[in-house]
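Here's the structure we're looking at; comments come further down.
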Amino acid sequence: MKNPSTTEPIHLTIDGHPAMQDELTGTQNSTNLVFLHTTADDGDHFQQILAWTLKSRWGDQNQLLLEITRIFRSRN
């Protein structure tokens, strides 16, 4: 990815587990992308949730992607 940048990670809770979340932006094949990257500590292992959209759609899609991440449930 070209011209990558990231936000400062925030701490949150996903499915009762501590998690960290940040946003990554960059360009791939001339397409501007935004990734919502979340890592949850599930005790014995980590769960990684990666959602993305076009940067031009981030304003319309970010709340939906945040909600999908928030309701994630781990299956052990």
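Within each chain, counting starts at residue 1; across the structure tokens, chains are named A, B, ... in the order shown, with ligands numbered 1 upward in that order.
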May I have the residues within 10 Å of segment 2-10 of chain A as an mmCIF file with C-alpha atoms, in the first residue's frame, using only C-alpha atoms and disregarding those fewer than 5 positions away in the same chain?
```
data_model
loop_
_atom_site.group_PDB
_atom_site.id
_atom_site.type_symbol
_atom_site.label_atom_id
_atom_site.label_comp_id
_atom_site.auth_asym_id
_atom_site.auth_seq_id
_atom_site.Cartn_x
_atom_site.Cartn_y
_atom_site.Cartn_z
ATOM 1 C CA ALA A 19 -9.532 -4.742 22.219
ATOM 2 C CA MET A 20 -7.679 -2.060 20.309
ATOM 3 C CA GLN A 21 -8.883 -0.369 17.140
ATOM 4 C CA ASP A 22 -7.307 1.960 14.609
ATOM 5 C CA GLU A 23 -7.920 3.209 11.093
ATOM 6 C CA LEU A 24 -5.423 2.668 8.279
ATOM 7 C CA THR A 25 -5.529 4.667 5.066
ATOM 8 C CA GLY A 26 -3.524 4.370 1.892
ATOM 9 C CA THR A 27 -3.551 3.815 -1.827
ATOM 10 C CA GLN A 28 -3.487 0.466 -3.621
ATOM 11 C CA ASN A 29 -3.483 0.324 -7.434
ATOM 12 C CA SER A 30 -4.547 4.012 -7.593
ATOM 13 C CA THR A 31 -7.513 3.344 -5.276
ATOM 14 C CA ASN A 32 -7.779 5.217 -1.963
ATOM 15 C CA LEU A 33 -8.816 2.849 0.843
ATOM 16 C CA VAL A 34 -9.661 3.020 4.538
ATOM 17 C CA PHE A 35 -9.341 -0.040 6.794
ATOM 18 C CA LEU A 36 -10.900 -0.344 10.219
ATOM 19 C CA HIS A 37 -8.500 -2.665 12.060
ATOM 20 C CA THR A 38 -9.523 -4.215 15.391
#
```
Quick one: pull the distance between atom CA of Gln48 of chain A and atom CA of Ile68 of chain A, Å, one decimal.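 Distance reported for this atom pair: 13.1 Å.
Of the listed residues A:His45, A:Arg75, A:Ala40, A:Trp58, the one whose atoms come nearest to Thr13 of chain A is A:Ala40, with distances taken using only C-alpha atoms.
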Interatomic distance (Å, one decimal) between atom CA of Ser56 of chain A and atom CA of Leu12 of chain A: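 If I compute the distance from atom CA of Ser56 of chain A to atom CA of Leu12 of chain A, I get 26.1 Å.
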Using DSSP on the backbone coordinates, identify the residues of chain A assigned to alpha helix (DSSP H); present them as number ranges by chain. A: 58-70
Export of the given selection (C-alpha atoms) as an mmCIF file, in the first residue's frame:
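Produced file part.cif, reproduced below:
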```
data_model
loop_
_atom_site.group_PDB
_atom_site.id
_atom_site.type_symbol
_atom_site.label_atom_id
_atom_site.label_comp_id
_atom_site.auth_asym_id
_atom_site.auth_seq_id
_atom_site.Cartn_x
_atom_site.Cartn_y
_atom_site.Cartn_z
ATOM 1 C CA TRP A 58 -15.837 6.205 4.475
ATOM 2 C CA GLY A 59 -18.107 9.057 5.593
ATOM 3 C CA ASP A 60 -21.197 7.011 4.679
ATOM 4 C CA GLN A 61 -19.896 3.590 5.771
ATOM 5 C CA ASN A 62 -17.831 4.155 8.914
ATOM 6 C CA GLN A 63 -20.735 3.939 11.376
ATOM 7 C CA LEU A 64 -21.892 0.655 9.819
ATOM 8 C CA LEU A 65 -18.381 -0.822 9.960
ATOM 9 C CA LEU A 66 -17.979 0.318 13.579
ATOM 10 C CA GLU A 67 -21.319 -1.313 14.476
ATOM 11 C CA ILE A 68 -20.421 -4.582 12.739
ATOM 12 C CA THR A 69 -17.169 -4.634 14.700
ATOM 13 C CA ARG A 70 -18.962 -3.802 17.957
#
```
Among the residues A:Met1, A:Ile71, A:Lys55, A:Ile14, the one that comes closest to Thr39 of chain A [using only C-alpha atoms]: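 Closest residue, counting only C-alpha atoms: A:Ile14.
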For atom CA of Ser74 of chain A and atom CA of Thr53 of chain A, determine how far apart the two atoms are, in Å to one decimal place.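 Computing it gives 23.1 Å between the two atoms.
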What residues in chain A get the DSSP label strand (DSSP E or B)? Please answer as a PyMOL selection string. chain A and resi 2-6+10-14+17-28+31-41+46-54
